[in-house]
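start-v6.txt, holding compact mmCIF, C-alpha atoms:
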```txt
# COMPACT_ATOMS: atom_id res chain seq x y z
CA MET A 1 24.30 -10.65 -15.90
CA THR A 2 24.98 -6.98 -15.77
CA GLY A 3 25.40 -4.50 -18.54
CA SER A 4 27.85 -1.70 -19.00
CA ALA A 5 25.84 0.46 -16.61
CA THR A 6 26.10 -2.28 -13.93
CA TYR A 7 22.35 -2.87 -13.80
CA LEU A 8 20.58 -6.22 -13.75
CA GLU A 9 19.41 -7.53 -17.10
CA GLY A 10 17.77 -10.56 -18.68
CA LYS A 11 16.53 -13.57 -16.75
CA THR A 12 18.15 -12.47 -13.50
CA ALA A 13 16.34 -9.14 -13.59
CA THR A 14 13.03 -10.89 -14.29
CA ARG A 15 13.56 -13.46 -11.52
CA VAL A 16 14.27 -10.74 -8.97
CA VAL A 17 11.02 -8.93 -9.84
CA LEU A 18 8.98 -12.16 -9.62
CA VAL A 19 10.41 -13.08 -6.21
CA PHE A 20 9.65 -9.65 -4.77
CA ALA A 21 6.25 -9.64 -6.46
CA THR A 22 5.26 -12.97 -4.89
CA ALA A 23 5.84 -11.64 -1.39
CA TYR A 24 4.01 -8.41 -2.17
CA PHE A 25 1.09 -10.41 -3.56
CA LEU A 26 0.68 -12.03 -0.13
CA SER A 27 1.17 -8.72 1.66
CA TYR A 28 -1.58 -7.02 -0.32
CA ALA A 29 -3.93 -9.99 0.00
CA LEU A 30 -3.58 -9.87 3.79
CA ARG A 31 -4.09 -6.12 3.79
CA ALA A 32 -7.34 -6.31 1.83
CA ILE A 33 -8.81 -9.54 3.16
CA ASN A 34 -10.75 -7.98 6.03
CA ALA A 35 -13.09 -6.26 3.59
CA VAL A 36 -14.46 -9.73 2.71
CA ILE A 37 -14.23 -11.54 6.06
CA ALA A 38 -15.58 -8.57 8.08
CA PRO A 39 -19.16 -9.94 8.20
CA ALA A 40 -17.95 -13.36 9.40
CA LEU A 41 -15.72 -11.79 12.05
CA SER A 42 -18.52 -9.53 13.25
CA SER A 43 -20.92 -12.46 13.47
CA ASP A 44 -18.51 -14.82 15.25
CA LEU A 45 -17.10 -12.32 17.74
CA GLN A 46 -19.86 -9.67 17.97
CA LEU A 47 -17.60 -6.84 16.81
CA THR A 48 -18.78 -3.23 16.42
CA ASN A 49 -17.76 -0.94 13.55
CA ALA A 50 -15.14 0.64 15.81
CA ASP A 51 -13.84 -2.84 16.72
CA LEU A 52 -13.55 -3.72 13.03
CA GLY A 53 -11.69 -0.51 12.31
CA LEU A 54 -9.35 -1.05 15.24
CA LEU A 55 -8.74 -4.70 14.32
CA SER A 56 -7.99 -3.94 10.69
CA SER A 57 -5.80 -0.99 11.66
CA ALA A 58 -3.63 -3.34 13.76
CA TYR A 59 -2.04 -4.36 10.46
CA PHE A 60 -1.10 -0.74 9.84
CA VAL A 61 0.19 -0.29 13.40
CA GLY A 62 2.55 -3.24 13.02
CA PHE A 63 3.47 -2.22 9.50
CA GLY A 64 4.02 1.44 10.28
CA SER A 65 6.02 0.87 13.46
CA MET A 66 8.62 -1.03 11.45
CA GLN A 67 9.19 1.47 8.66
CA LEU A 68 12.01 3.52 10.20
CA PRO A 69 14.01 0.49 11.40
CA ILE A 70 13.43 -1.20 8.05
CA GLY A 71 14.94 1.77 6.21
CA VAL A 72 18.15 1.40 8.20
CA TRP A 73 18.21 -2.39 7.82
CA LEU A 74 17.67 -2.21 4.08
CA ASP A 75 20.51 0.28 3.62
CA ARG A 76 22.78 -1.70 5.97
CA TYR A 77 21.93 -5.39 5.42
CA GLY A 78 20.18 -5.41 2.05
CA SER A 79 16.76 -6.45 0.84
CA ARG A 80 17.20 -10.23 0.89
CA ARG A 81 18.07 -10.72 4.54
CA THR A 82 15.73 -8.01 5.82
CA GLU A 83 12.62 -9.21 4.00
CA SER A 84 13.11 -12.94 4.52
CA ALA A 85 13.57 -12.49 8.28
CA LEU A 86 10.49 -10.32 8.67
CA LEU A 87 8.27 -12.66 6.64
CA LEU A 88 8.75 -15.25 9.38
CA PHE A 89 6.99 -12.90 11.80
CA GLY A 90 4.14 -12.64 9.31
CA ALA A 91 3.77 -16.42 9.27
CA ILE A 92 3.61 -16.44 13.07
CA GLY A 93 1.07 -13.61 13.06
CA ALA A 94 -1.25 -15.40 10.62
CA ALA A 95 -1.13 -18.49 12.84
CA VAL A 96 -1.94 -16.41 15.94
CA PHE A 97 -4.86 -14.77 14.13
CA ALA A 98 -6.22 -18.14 12.97
CA SER A 99 -6.12 -19.61 16.47
CA SER A 100 -7.51 -16.63 18.45
CA SER A 101 -11.05 -16.27 19.79
CA SER A 102 -10.84 -12.81 21.38
CA LEU A 103 -10.33 -9.30 20.04
CA PRO A 104 -6.93 -8.84 21.79
CA GLY A 105 -5.63 -12.09 20.31
CA LEU A 106 -6.85 -11.23 16.85
CA TRP A 107 -5.35 -7.74 17.18
CA LEU A 108 -1.96 -9.20 18.14
CA GLY A 109 -2.02 -11.61 15.22
CA ARG A 110 -3.01 -8.87 12.81
CA ALA A 111 -0.25 -6.59 14.14
CA LEU A 112 2.36 -9.36 13.72
CA ILE A 113 1.18 -9.86 10.14
CA GLY A 114 1.76 -6.16 9.57
CA VAL A 115 5.28 -6.46 11.00
CA GLY A 116 5.98 -9.51 8.85
CA VAL A 117 5.01 -7.99 5.51
CA SER A 118 6.22 -4.48 6.32
CA SER A 119 9.26 -4.68 4.04
CA CYS A 120 7.66 -6.40 1.03
CA LEU A 121 7.39 -3.23 -1.07
CA MET A 122 10.24 -1.27 0.49
CA ALA A 123 12.75 -4.11 0.03
CA ALA A 124 11.80 -4.30 -3.63
CA LEU A 125 12.03 -0.54 -4.17
CA LYS A 126 15.42 -0.42 -2.44
CA ALA A 127 16.77 -3.21 -4.66
CA TYR A 128 15.28 -1.63 -7.78
CA ARG A 129 16.81 1.77 -6.93
CA VAL A 130 20.30 0.23 -6.79
CA TRP A 131 20.06 -2.67 -9.25
CA TYR A 132 17.99 -1.13 -12.08
CA ALA A 133 18.31 1.98 -14.26
CA PRO A 134 16.57 5.20 -13.07
CA ASP A 135 14.26 5.33 -16.09
CA ARG A 136 12.79 1.95 -15.10
CA GLN A 137 11.81 2.95 -11.56
CA SER A 138 8.21 4.05 -12.17
CA GLN A 139 7.59 1.02 -14.38
CA LEU A 140 8.93 -1.39 -11.75
CA ALA A 141 6.92 0.30 -9.00
CA SER A 142 3.78 0.02 -11.12
CA TRP A 143 4.48 -3.65 -11.77
CA MET A 144 4.76 -4.27 -8.04
CA LEU A 145 1.35 -2.70 -7.55
CA VAL A 146 -0.03 -4.87 -10.35
CA PHE A 147 0.99 -7.94 -8.39
CA GLY A 148 -0.24 -6.34 -5.19
CA THR A 149 -3.63 -5.76 -6.76
CA LEU A 150 -3.66 -9.39 -7.89
CA GLY A 151 -3.32 -10.18 -4.20
CA ALA A 152 -6.29 -7.94 -3.48
CA LEU A 153 -8.21 -9.77 -6.22
CA ALA A 154 -7.37 -13.09 -4.58
CA SER A 155 -8.87 -11.79 -1.33
CA THR A 156 -12.30 -11.12 -2.88
CA VAL A 157 -14.27 -13.80 -4.74
CA PRO A 158 -11.75 -16.63 -4.07
CA VAL A 159 -11.83 -15.93 -0.33
CA ALA A 160 -15.62 -15.59 -0.37
CA LEU A 161 -15.81 -19.03 -1.99
CA LEU A 162 -13.41 -20.53 0.56
CA LEU A 163 -15.17 -19.14 3.63
CA PRO A 164 -18.08 -21.65 3.63
CA LEU A 165 -15.58 -24.50 3.17
CA VAL A 166 -12.75 -23.71 5.60
CA GLY A 167 -13.90 -20.58 7.44
CA TRP A 168 -11.82 -17.49 8.06
CA ARG A 169 -9.54 -19.48 10.40
CA GLY A 170 -8.67 -21.95 7.64
CA VAL A 171 -7.90 -19.09 5.27
CA PHE A 172 -5.39 -17.64 7.73
CA TRP A 173 -3.75 -21.00 8.42
CA GLY A 174 -3.16 -21.23 4.67
CA MET A 175 -1.70 -17.72 4.61
CA SER A 176 0.68 -18.67 7.41
CA VAL A 177 2.12 -21.48 5.29
CA ALA A 178 2.32 -19.24 2.22
CA LEU A 179 4.28 -16.57 4.13
CA LEU A 180 6.75 -19.17 5.38
CA LEU A 181 7.35 -20.44 1.85
CA SER A 182 7.77 -16.87 0.59
CA ALA A 183 10.44 -16.21 3.22
CA LEU A 184 12.40 -19.21 1.99
CA LEU A 185 11.99 -18.08 -1.62
CA VAL A 186 13.31 -14.57 -0.93
CA TYR A 187 16.28 -15.83 1.07
CA SER A 188 17.38 -18.46 -1.46
CA ARG A 189 16.50 -17.00 -4.86
CA LEU A 190 17.90 -13.47 -4.42
CA ARG A 191 21.35 -14.53 -3.26
CA ALA A 192 22.98 -14.60 -6.70
CA ALA A 193 21.64 -11.19 -7.72
CA GLU A 194 22.67 -9.65 -4.41
CA GLN A 195 26.20 -11.00 -4.70
CA SER A 196 26.59 -9.86 -8.30
CA MET A 197 25.49 -6.30 -7.48
CA ALA A 198 27.33 -5.98 -4.15
CA PRO A 199 30.35 -4.11 -5.61
CA HIS A 200 28.02 -1.44 -7.01
CA ALA A 201 25.93 -0.87 -3.89
CA PRO A 202 26.62 2.56 -2.32
CA ALA A 203 27.76 2.77 1.27
CA ALA A 204 25.00 3.53 3.73
CA ALA A 205 25.11 6.74 5.70
CA GLY A 206 24.48 6.88 9.42
CA SER A 207 20.84 6.20 10.28
CA GLY A 208 20.29 9.34 12.32
CA ALA A 209 21.82 11.69 9.77
CA GLY A 210 19.86 10.03 6.97
CA TYR A 211 16.47 10.45 8.61
CA LEU A 212 17.27 14.00 9.69
CA GLN A 213 17.93 14.87 6.05
CA ILE A 214 14.74 13.20 4.89
CA PHE A 215 12.24 14.44 7.47
CA GLY A 216 13.85 17.87 7.52
CA ASP A 217 13.34 18.31 3.79
CA ARG A 218 10.48 20.66 2.86
CA TYR A 219 9.67 18.77 -0.31
CA PHE A 220 9.43 15.48 1.57
CA ARG A 221 7.01 16.92 4.10
CA ARG A 222 4.70 18.21 1.36
CA MET A 223 4.70 14.85 -0.39
CA ALA A 224 4.22 13.01 2.90
CA LEU A 225 1.05 14.96 3.69
CA LEU A 226 -0.30 14.22 0.21
CA GLY A 227 0.59 10.55 0.46
CA ALA A 228 -0.95 10.08 3.90
CA ALA A 229 -4.24 11.74 2.96
CA HIS A 230 -4.73 10.24 -0.50
CA GLN A 231 -2.70 7.06 -0.92
CA GLY A 232 -2.90 6.03 2.74
CA GLY A 233 -6.60 6.77 2.90
CA PHE A 234 -7.23 4.78 -0.27
CA MET A 235 -5.47 1.82 1.32
CA ALA A 236 -7.88 2.09 4.25
CA MET A 237 -10.90 2.22 1.96
CA GLN A 238 -9.72 -0.65 -0.23
CA SER A 239 -8.70 -2.92 2.64
CA LEU A 240 -11.80 -2.45 4.82
CA TRP A 241 -14.44 0.20 4.20
CA ALA A 242 -15.13 -0.57 0.53
CA GLY A 243 -16.94 -3.73 1.64
CA PRO A 244 -19.20 -2.12 4.29
CA TRP A 245 -19.89 0.77 1.88
CA MET A 246 -21.31 -1.66 -0.68
CA THR A 247 -23.49 -3.47 1.87
CA THR A 248 -24.55 -0.51 4.04
CA VAL A 249 -24.79 2.39 1.60
CA LEU A 250 -25.54 0.61 -1.67
CA GLY A 251 -27.59 -2.24 -0.15
CA MET A 252 -25.65 -5.12 -1.71
CA SER A 253 -25.42 -8.66 -0.37
CA VAL A 254 -22.11 -10.15 0.78
CA GLU A 255 -21.92 -12.17 -2.44
CA GLN A 256 -22.61 -9.11 -4.60
CA THR A 257 -20.05 -7.14 -2.62
CA SER A 258 -17.33 -9.73 -3.19
CA GLN A 259 -18.11 -9.66 -6.93
CA VAL A 260 -17.97 -5.87 -7.07
CA LEU A 261 -14.70 -5.81 -5.11
CA PHE A 262 -13.28 -8.37 -7.53
CA VAL A 263 -14.18 -6.14 -10.49
CA PHE A 264 -12.87 -3.08 -8.64
CA ASN A 265 -9.50 -4.67 -7.94
CA LEU A 266 -9.30 -6.11 -11.45
CA CYS A 267 -9.80 -2.64 -12.93
CA LEU A 268 -7.27 -1.25 -10.45
CA MET A 269 -4.74 -3.82 -11.63
CA LEU A 270 -5.40 -2.89 -15.26
CA SER A 271 -4.93 0.77 -14.35
CA TYR A 272 -1.52 0.00 -12.86
CA LEU A 273 -0.63 -1.96 -16.00
CA THR A 274 -1.66 0.97 -18.15
CA LEU A 275 0.37 3.34 -15.98
CA SER A 276 3.44 1.08 -16.21
CA TRP A 277 3.25 1.37 -20.02
CA TRP A 278 2.22 5.04 -20.27
CA ALA A 279 4.36 6.74 -17.62
CA PRO A 280 7.84 5.78 -18.95
CA ARG A 281 6.84 7.13 -22.36
CA HIS A 282 5.02 10.34 -21.47
CA VAL A 283 5.88 11.43 -17.92
CA SER A 284 9.03 13.40 -17.15
CA TYR A 285 10.97 13.29 -13.89
CA GLY A 286 13.10 16.20 -15.07
CA GLN A 287 15.57 14.23 -17.18
CA ARG A 288 13.72 14.40 -20.52
CA ARG A 289 10.75 16.00 -22.23
CA GLY A 290 7.24 14.99 -21.25
CA LEU A 291 4.43 15.84 -18.87
CA PRO A 292 5.84 17.02 -15.52
CA VAL A 293 5.23 14.22 -13.04
CA LEU A 294 3.87 16.46 -10.27
CA ARG A 295 1.33 17.98 -12.66
CA VAL A 296 0.10 14.49 -13.56
CA VAL A 297 -0.22 13.69 -9.84
CA ALA A 298 -2.23 16.87 -9.20
CA ILE A 299 -4.64 16.19 -12.06
CA GLY A 300 -5.17 12.56 -11.08
CA LEU A 301 -5.86 13.34 -7.44
CA GLY A 302 -8.17 16.20 -8.40
CA LEU A 303 -10.22 13.69 -10.39
CA SER A 304 -10.15 11.31 -7.42
CA VAL A 305 -11.63 13.98 -5.12
CA MET A 306 -14.41 14.81 -7.57
CA VAL A 307 -15.36 11.16 -8.00
CA GLN A 308 -15.55 10.63 -4.23
CA LEU A 309 -17.85 13.64 -3.97
CA LEU A 310 -20.15 11.98 -6.50
CA MET A 311 -20.01 8.77 -4.44
CA LEU A 312 -21.34 10.74 -1.47
CA LEU A 313 -24.09 12.43 -3.44
CA LEU A 314 -25.24 9.36 -5.39
CA PRO A 315 -25.83 6.47 -2.96
CA PHE A 316 -27.51 4.25 -5.55
CA ALA A 317 -26.79 0.62 -6.43
CA TRP A 318 -25.27 1.50 -9.82
CA SER A 319 -22.84 4.02 -8.28
CA TRP A 320 -20.38 1.23 -7.49
CA VAL A 321 -19.05 2.10 -10.97
CA LEU A 322 -17.66 5.32 -9.46
CA TRP A 323 -15.29 3.20 -7.38
CA ILE A 324 -13.68 2.03 -10.63
CA ILE A 325 -12.91 5.61 -11.64
CA PHE A 326 -11.74 6.35 -8.09
CA GLY A 327 -9.26 3.46 -8.24
CA ALA A 328 -8.00 4.42 -11.70
CA ALA A 329 -7.37 8.02 -10.65
CA ILE A 330 -5.58 7.15 -7.43
CA THR A 331 -2.87 5.15 -9.27
CA VAL A 332 -1.00 8.42 -9.93
CA THR A 333 0.22 8.22 -6.33
CA THR A 334 2.69 5.61 -7.62
CA LEU A 335 4.38 8.38 -9.60
CA ALA A 336 4.57 10.52 -6.47
CA GLN A 337 6.22 7.71 -4.51
CA THR A 338 8.73 7.13 -7.31
CA HIS A 339 9.51 10.85 -7.41
CA VAL A 340 10.27 10.82 -3.68
CA SER A 341 12.57 7.81 -4.09
CA LEU A 342 14.50 9.42 -6.93
CA ALA A 343 14.85 12.73 -5.08
CA PHE A 344 17.33 11.11 -2.70
CA PRO A 345 20.60 9.33 -3.55
CA PRO A 346 20.79 5.49 -3.67
CA ALA A 347 22.56 5.32 -0.29
CA LEU A 348 19.45 6.80 1.32
CA ALA A 349 16.92 4.95 -0.84
CA GLY A 350 15.88 2.49 1.87
CA ARG A 351 15.28 5.22 4.42
CA ALA A 352 13.61 7.62 1.98
CA ASN A 353 11.17 4.95 0.80
CA SER A 354 10.50 3.71 4.33
CA ALA A 355 10.00 7.21 5.72
CA PHE A 356 7.47 7.97 3.00
CA ASN A 357 5.78 4.61 3.48
CA LEU A 358 5.50 5.31 7.21
CA THR A 359 3.44 8.41 6.46
CA LEU A 360 1.20 6.36 4.16
CA PHE A 361 0.44 3.88 6.90
CA ILE A 362 -0.11 6.58 9.47
CA GLY A 363 -2.73 7.89 7.06
CA ALA A 364 -4.16 4.42 6.50
CA PHE A 365 -4.41 3.70 10.22
CA SER A 366 -5.99 7.07 10.95
CA VAL A 367 -8.57 6.81 8.18
CA GLN A 368 -9.38 3.16 8.83
CA TRP A 369 -10.01 3.57 12.55
CA GLY A 370 -11.31 7.13 12.26
CA ILE A 371 -14.09 6.20 9.84
CA GLY A 372 -15.21 3.43 12.20
CA LEU A 373 -15.30 5.82 15.12
CA LEU A 374 -17.22 8.44 13.12
CA VAL A 375 -19.76 5.90 11.85
CA ASP A 376 -20.52 4.75 15.41
CA LEU A 377 -20.61 8.37 16.63
CA PHE A 378 -23.09 9.50 13.99
CA ALA A 379 -25.20 6.37 14.53
CA ALA A 380 -25.30 7.12 18.28
CA TYR A 381 -26.92 10.45 17.43
CA GLY A 382 -29.72 8.65 15.59
CA TRP A 383 -28.44 8.79 12.03
CA SER A 384 -29.09 5.79 9.77
CA ALA A 385 -26.17 3.44 9.11
CA SER A 386 -26.03 4.58 5.48
CA MET A 387 -26.02 8.29 6.31
CA ALA A 388 -23.49 7.80 9.10
CA MET A 389 -21.04 6.12 6.71
CA ARG A 390 -21.57 8.80 4.05
CA MET A 391 -20.90 11.56 6.58
CA ALA A 392 -17.75 9.77 7.81
CA LEU A 393 -16.44 9.60 4.23
CA GLY A 394 -17.35 13.27 3.83
CA CYS A 395 -15.10 14.17 6.75
CA TYR A 396 -12.26 12.20 5.20
CA LEU A 397 -12.83 13.93 1.85
CA LEU A 398 -12.26 17.33 3.50
CA VAL A 399 -8.84 16.11 4.66
CA GLN A 400 -7.99 15.08 1.09
CA VAL A 401 -9.01 18.47 -0.27
CA TYR A 402 -6.77 20.24 2.26
CA ALA A 403 -3.76 18.05 1.40
CA LEU A 404 -4.29 18.56 -2.33
CA VAL A 405 -4.58 22.34 -1.99
CA MET A 406 -1.33 22.42 0.04
CA PHE A 407 0.40 20.27 -2.57
CA ILE A 408 -0.74 22.36 -5.56
CA GLY A 409 0.12 25.61 -3.81
CA ASN A 410 3.70 24.49 -3.17
CA ARG A 411 4.28 22.13 -6.08
CA LYS A 412 6.69 24.30 -8.06
CA SER A 413 8.59 25.80 -5.16
CA SER A 414 9.29 22.44 -3.52
CA ALA A 415 10.07 20.25 -6.56
CA PRO A 416 13.66 18.97 -6.26
CA GLU A 417 16.33 17.95 -8.69
CA LEU A 418 16.59 14.17 -8.68
CA GLY A 419 19.11 12.78 -6.22
CA ARG A 420 19.99 16.29 -5.06
CA LEU A 421 20.75 15.39 -1.45
CA THR A 422 24.14 14.04 -0.49
CA ALA A 423 24.49 10.79 1.40
```
Would you mind writing the structure in this file as structure tokens?
Amino acid sequence: MTGSATYLEGKTATRVVLVFATAYFLSYALRAINAVIAPALSSDLQLTNADLGLLSSAYFVGFGSMQLPIGVWLDRYGSRRTESALLLFGAIGAAVFASSSSLPGLWLGRALIGVGVSSCLMAALKAYRVWYAPDRQSQLASWMLVFGTLGALASTVPVALLLPLVGWRGVFWGMSVALLLSALLVYSRLRAAEQSMAPHAPAAAGSGAGYLQIFGDRYFRRMALLGAAHQGGFMAMQSLWAGPWMTTVLGMSVEQTSQVLFVFNLCLMLSYLTLSWWAPRHVSYGQRRGLPVLRVVAIGLGLSVMVQLLMLLLPFAWSWVLWIIFGAAITVTTLAQTHVSLAFPPALAGRANSAFNLTLFIGAFSVQWGIGLLVDLFAAYGWSASMAMRMALGCYLLVQVYALVMFIGNRKSSAPELGRLTA
């Protein structure tokens, strides 16, 4: 089951990835689903743009609030027990959301969903950091995002087709059952792998000391700013504002929007697949020859910024194609997240990943709610709905430019040797 380097191999290694990927599929589907059901929610409950932003951001509040505790739990109790327990809260949250008729009830359900799926990626990355070889980390992270994007795909056209049949409440009752089954799958199917790798797992350091090392690190702070502005903001756009952009700015129908979002997420998935093949062969994390990983990140995010500028300047029906390029460029943030994980030793992997993920969701929450507030603010001053949304995205784009300039200006001075910190 393990090789000479004490890493998982063969069928066991594949089974572990599939189990983690199944849970992350559901997590990503629940994150992105509001972009499709937003019109139905607004119609049923008379929600404003700010209400929609606040409701969708509840997921990120629940998710983000759990990141620091999750880091400690992953390092102390392992991925299997931590993730399976939290998924039960997600099942409860989906049931609460499905049965609520008021904004506070929906917000609570959405927040519980965020709590429940908050460890789906971090538990996987923690296990991969300890159970798999270092040169497989970026590939495994990309594969997780492939499955996550499949979840986002499932929340577009399939959900749009289900809405007339079962309504948004029926969709969330189904998600509640799926989360419960996923919890059972994680708890039962990862036991053998966890037991086989237990002798090789590093001892966890004290929680306080670990987080002091991580947040006190200059390199981490630079990467956290970049991740919050770019990766976190993209999560906000993908999970909510992509839908209203298509309908409000580009004038598409709900059906057309669901089709475009399906194509967008399909191309995003293919981009992650391409990255999972290309990065291990051509990108260097400092251990071999290849393109320096931080240079690749800078180039990709520079392209992302330029494409978003074109999206602002070209509000025409055909410009939905620019979203495809935007999604393809943003996938380089996976390399940044892997670089952060590898910069810290395995004993701190859970906390390093969770601390970085916390900053992503702070960014996602801020952008998701902030754009809603800005759209309503600009509309209150007499701007059209289309212009108000374009101006809100313009404000967010300025934040991205600032984070990218700070990253490029300090990229060389803050790049660490992998695993340089001591546990």
- request: Can you work out the spacing between CA of Ile113 (chain A) and CA of Gly93 (chain A) in Å, to one decimal?
  value: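 Atom-to-atom, CA of Ile113 (chain A) and CA of Gly93 (chain A) are spaced 4.8 Å apart.
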query: Using all atoms listed in the file, which residue out of A:Val96, A:Val401, A:Ala349, A:Leu140 lies closest to Met306 (chain A)?
result: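 Ranked by minimum distance to Met306 (chain A), first place goes to A:Val401.
Nearest to Ile214 (chain A) of all the residues A:Ser341, A:Ser27, A:Thr156, A:Thr274 is A:Ser341, based on only C-alpha atoms.
The residue set within 8 Å of Cys267 (chain A), counting only C-alpha atoms and dropping same-chain residues fewer than 2 places from it, reads Val263, Phe264, Asn265, Met269, Leu270, Ser271, Ile324, Gly327 and Ala328 of chain A.
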Output of the above residues as a tab-separated table (two decimals), keeping the file's coordinate frame, restricted to C-alpha atoms:
```
chain	number	residue	atom	x	y	z
A	263	VAL	CA	-14.18	-6.14	-10.49
A	264	PHE	CA	-12.87	-3.08	-8.64
A	265	ASN	CA	-9.50	-4.67	-7.94
A	269	MET	CA	-4.74	-3.82	-11.63
A	270	LEU	CA	-5.40	-2.89	-15.26
A	271	SER	CA	-4.93	0.77	-14.35
A	324	ILE	CA	-13.68	2.03	-10.63
A	327	GLY	CA	-9.26	3.46	-8.24
A	328	ALA	CA	-8.00	4.42	-11.70
```
task: Could you tell me which of A:Ala329, A:Leu397, A:Leu225, A:Ala392 comes closest to Gly363 (chain A) if we count only C-alpha atoms?
output: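 Of the candidates, the smallest distance to Gly363 (chain A) is held by A:Leu225.
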query: Taking only C-alpha atoms into account, which of A:Leu373, A:Ile37, A:Val399, A:Leu179 comes nearest Asp51 (chain A)?
result: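 Once distances to Asp51 (chain A) are computed over only C-alpha atoms, the minimum belongs to A:Leu373.
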message: Env of Thr12 (chain A): 7 Å cut, atoms = all atoms listed in the file, seq-sep filter 3 positions within chain, self excluded. Answer as a list of chain:residue names.
response: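 Using all atoms listed in the file, the neighbours found are A:Met1, A:Leu8, A:Glu9, A:Arg15, A:Val16, A:Ala193.
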- prompt: Taking into account only C-alpha atoms, which residue in the set A:Leu184, A:Ala141, A:Ala127, A:Leu393 is nearest to Asp75 (chain A)?
  reply: A:Ala127
task: Please identify all polymer residues within 9 Å of Leu30 (chain A), counting all atoms listed in the file, omitting same-chain residues fewer than 3 positions from it, and present them as a PyMOL selection string.
output: chain A and resi 25-27+33-34+59+113-114+117+151-152+155+172+175+239
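Checking A:Leu377, A:Met246, A:Leu47, A:Leu68 one by one against Pro315 (chain A), counting all atoms listed in the file, you find the shortest gap at A:Met246.
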Neighbours of point (2.0, 3.1, -7.3) within 9 Å, using all atoms listed in the file, written as an mmCIF file with C-alpha atoms, in the frame of the given file:
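Final output, saved to point-v1.cif:
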```cif
data_model
loop_
_atom_site.group_PDB
_atom_site.id
_atom_site.type_symbol
_atom_site.label_atom_id
_atom_site.label_comp_id
_atom_site.auth_asym_id
_atom_site.auth_seq_id
_atom_site.Cartn_x
_atom_site.Cartn_y
_atom_site.Cartn_z
ATOM 1 C CA SER A 138 8.210 4.050 -12.170
ATOM 2 C CA ALA A 141 6.920 0.300 -9.000
ATOM 3 C CA SER A 142 3.780 0.020 -11.120
ATOM 4 C CA TRP A 143 4.480 -3.650 -11.770
ATOM 5 C CA MET A 144 4.760 -4.270 -8.040
ATOM 6 C CA LEU A 145 1.350 -2.700 -7.550
ATOM 7 C CA VAL A 146 -0.030 -4.870 -10.350
ATOM 8 C CA GLN A 231 -2.700 7.060 -0.920
ATOM 9 C CA TYR A 272 -1.520 0.000 -12.860
ATOM 10 C CA LEU A 275 0.370 3.340 -15.980
ATOM 11 C CA ILE A 330 -5.580 7.150 -7.430
ATOM 12 C CA THR A 331 -2.870 5.150 -9.270
ATOM 13 C CA VAL A 332 -1.000 8.420 -9.930
ATOM 14 C CA THR A 333 0.220 8.220 -6.330
ATOM 15 C CA THR A 334 2.690 5.610 -7.620
ATOM 16 C CA LEU A 335 4.380 8.380 -9.600
ATOM 17 C CA ALA A 336 4.570 10.520 -6.470
ATOM 18 C CA GLN A 337 6.220 7.710 -4.510
ATOM 19 C CA THR A 338 8.730 7.130 -7.310
#
```
task: Could you check how far CA of Arg295 (chain A) sits from CA of Gly232 (chain A), in Å to one decimal?
output: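 One can read the CA of Arg295 (chain A) to CA of Gly232 (chain A) distance as 19.9 Å.
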